[in-house]
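Inspection log for the structure reproduced underneath, given as C-alpha cells.
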Amino acid sequence: MARHKLTEKTCKALDQPGIYGDGDGLWLRVRPGGSKQFLFVYIDAGKRKEMGLGGYGSGTKPVSLALARQKAEAIREVRARGEDPKADRTKKVVTFKDMMDDTIAVKIKSFRNAKHRDQWSMTLTTYAADLHSKPIASITVDDVLRVLQPIWETIPETANRTRMRIASVINHAKARGLYKGDNPAVWRGALEHLLSERQTLSRGHHAALAFRDVPAMMTKIQQSSSVSASAVEFACLTAARSGEVRRAVWSEFDLEIGLWIVPAERMKAGKEHRVPLTKRAVEILTTRLEARTGALVFEGGKEGTAISDTAMTKSLRSASGDKKATLHGLRSSFRDWAGDETGHARDVIEAALAHTLKDRTEAAYRRSDALEKRRVLMNEWESYCAQ
C-alpha cells in the first residue's frame, strides 16, 4: 500500500472536517473547529480498530508528520509479530534475568556448598549475559547458540554447564507458564546438530600428577612461604578437597591430638569427616596460627576471604611444572599411590578420601571411620611425599 501521501504543507492547510490518509493505516483526522489528530487504523478479527497517535500542531506535545510515521511503523512491527498493538504496554515483560534470579533462588536451597551456588550464578551472569534483557518467552535456539558458540570449543566443560543452566531457567519459565514450546537449550534437539559432539565436553578425570612426581613437587612447594603454597601442601597431605581446605576454620582443629573435624555442611556427602593430621600437617597449621588474623586458616589477600582456588592451582602448577595439574588431581595421586604401593585395605583408603562406599554390604560392615588405621596410612603418605 502506498505511503507518505501527506506533506507537512498539506497537513497545515487542511481545514475541512474529515479523515485524510497518509497510507498503510496512518490517517490525519480534522475535526470541526480545526483541531487535528493522527490515528492508526487497522482491522483485527474483522473489526475496525484505531489508535490515537497524538495531536498535530497544537497542545503541549504536538506530533509532527515525521513522528506520526515513526509511531505508525512501530505499530506495524507489533502487528507483524502477531501481537496486539493495544495490549497493556505498562505490564512488565518477564526477562531471562528475571527467570534466572528466580531459578537460582529456588535451586540454592538444595545446594550443599557455597562454591556450587557461586558457580551457578557466575556461569549465567558471565556467559549468558546476552540473554539477560531478552523476554524469556521469545528466546530461540539462535539466541542460545550466540551464547555457546564462542566458548564451546575453548572452555567446553563450562560451556556445557552454561547450556544446562540456561535449559534449567527456561524449564522454570515453562513450569510457570511463561515459555511455550520446546526448550531451545536442551541437547537432544537442535543443538546436537548445530554444535560439536558432546564427547569433547566429557568431564573425564581431573588432570593429576603421577604419584611418583609428588615428592619433587612437595619439595619445591615448601620453598614458598605463600598462603596458597601452604594450602596446597596441606591439601596434599590430608587428601582433602580444595574447598574443604580453603574454607577451613580454626574451630575445626585440635592440634594437640592431631585431628581435623570437617562439619557435615562442608562435606560433599553431607556427613562429618574426621581427618588425622600428620606431623608436617600440624607444623603447617602451627605456622598459620602464628599469622592468624581471623577464623579462616588459609586466608587470602582480603581479610575474611578464603584463599582462592585459582591461587592454589597456580602454586601447584608452578611447583610441579605441570600446566594441567589440578588440585582435585592430588586426591587421585594419593589414591594411586595407596592402591599400588601399600597394602592398606580399600575401605580404609576410600575413607581417607571421604568417599561413600557404593557397596551396601561393605558399607554396612564398615560402620566406623577407621580413624587410627587412616592415621597410619596418612603418616606413610607423608613419609613418601618427603622423599
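Residues in the C-alpha cells are numbered from 1 in each chain, the chains being A, B, ... in the order shown, and ligands are numbered from 1 in the order shown.
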
Rows by chain and residue number, region 5-100 of chain A within 12 Å of region 122-128 of chain A, shortest pair, only C-alpha atoms, as a Markdown table:
| residue | atom | partner | partner_atom | distance |
| --- | --- | --- | --- | --- |
| A:Phe96 | CA | A:Ala128 | CA | 9.4 |
| A:Lys97 | CA | A:Thr125 | CA | 8.7 |
| A:Asp98 | CA | A:Thr125 | CA | 11.9 |
| A:Met99 | CA | A:Leu124 | CA | 11.2 |
| A:Met100 | CA | A:Leu124 | CA | 7.7 |

For Met51 (chain A): contacts at 10 Å, only C-alpha atoms, fewer than 4 positions along chain excluded, given as a PyMOL selection string: chain A and resi 26+38-42+72+75+85-86

Nearest to Arg165 (chain A), restricted to only C-alpha atoms and choosing among A:Glu372, A:Glu299, A:Glu153, A:Asp101, comes out as A:Asp101

Please report, as an mmCIF file with N, CA, C and O atoms, in the first residue's frame, each residue of region 155-292 of chain A to which DSSP assigns strand (DSSP E) when run on this structure's backbone.
data_model
loop_
_atom_site.group_PDB
_atom_site.id
_atom_site.type_symbol
_atom_site.label_atom_id
_atom_site.label_comp_id
_atom_site.auth_asym_id
_atom_site.auth_seq_id
_atom_site.Cartn_x
_atom_site.Cartn_y
_atom_site.Cartn_z
ATOM 1 N N PHE A 253 39.861 -27.612 64.353
ATOM 2 C CA PHE A 253 41.124 -28.314 64.584
ATOM 3 C C PHE A 253 41.440 -28.514 66.067
ATOM 4 O O PHE A 253 41.165 -27.655 66.902
ATOM 5 N N ASP A 254 42.040 -29.663 66.337
ATOM 6 C CA ASP A 254 42.644 -29.938 67.647
ATOM 7 C C ASP A 254 44.086 -30.326 67.365
ATOM 8 O O ASP A 254 44.372 -31.464 66.976
ATOM 9 N N LEU A 259 43.964 -33.655 64.966
ATOM 10 C CA LEU A 259 42.680 -34.045 64.383
ATOM 11 C C LEU A 259 41.978 -32.830 63.788
ATOM 12 O O LEU A 259 41.931 -31.757 64.373
ATOM 13 N N TRP A 260 41.429 -33.043 62.613
ATOM 14 C CA TRP A 260 40.628 -32.021 61.920
ATOM 15 C C TRP A 260 39.247 -32.617 61.689
ATOM 16 O O TRP A 260 39.112 -33.671 61.075
ATOM 17 N N ILE A 261 38.224 -31.960 62.214
ATOM 18 C CA ILE A 261 36.854 -32.435 62.034
ATOM 19 C C ILE A 261 36.131 -31.467 61.090
ATOM 20 O O ILE A 261 35.842 -30.323 61.462
ATOM 21 N N VAL A 262 35.859 -31.928 59.882
ATOM 22 C CA VAL A 262 35.156 -31.109 58.892
ATOM 23 C C VAL A 262 33.661 -31.343 59.079
ATOM 24 O O VAL A 262 33.197 -32.476 58.962
ATOM 25 N N HIS A 273 33.390 -35.444 58.618
ATOM 26 C CA HIS A 273 34.580 -36.200 58.232
ATOM 27 C C HIS A 273 35.730 -35.872 59.182
ATOM 28 O O HIS A 273 36.085 -34.708 59.365
ATOM 29 N N ARG A 274 36.284 -36.914 59.814
ATOM 30 C CA ARG A 274 37.436 -36.734 60.705
ATOM 31 C C ARG A 274 38.718 -37.019 59.931
ATOM 32 O O ARG A 274 38.848 -38.061 59.284
ATOM 33 N N VAL A 275 39.666 -36.097 60.028
ATOM 34 C CA VAL A 275 40.918 -36.217 59.282
ATOM 35 C C VAL A 275 42.091 -36.281 60.253
ATOM 36 O O VAL A 275 42.339 -35.328 61.002
ATOM 37 N N PRO A 276 42.838 -37.390 60.253
ATOM 38 C CA PRO A 276 44.029 -37.469 61.112
ATOM 39 C C PRO A 276 45.132 -36.589 60.537
ATOM 40 O O PRO A 276 45.393 -36.621 59.334
#
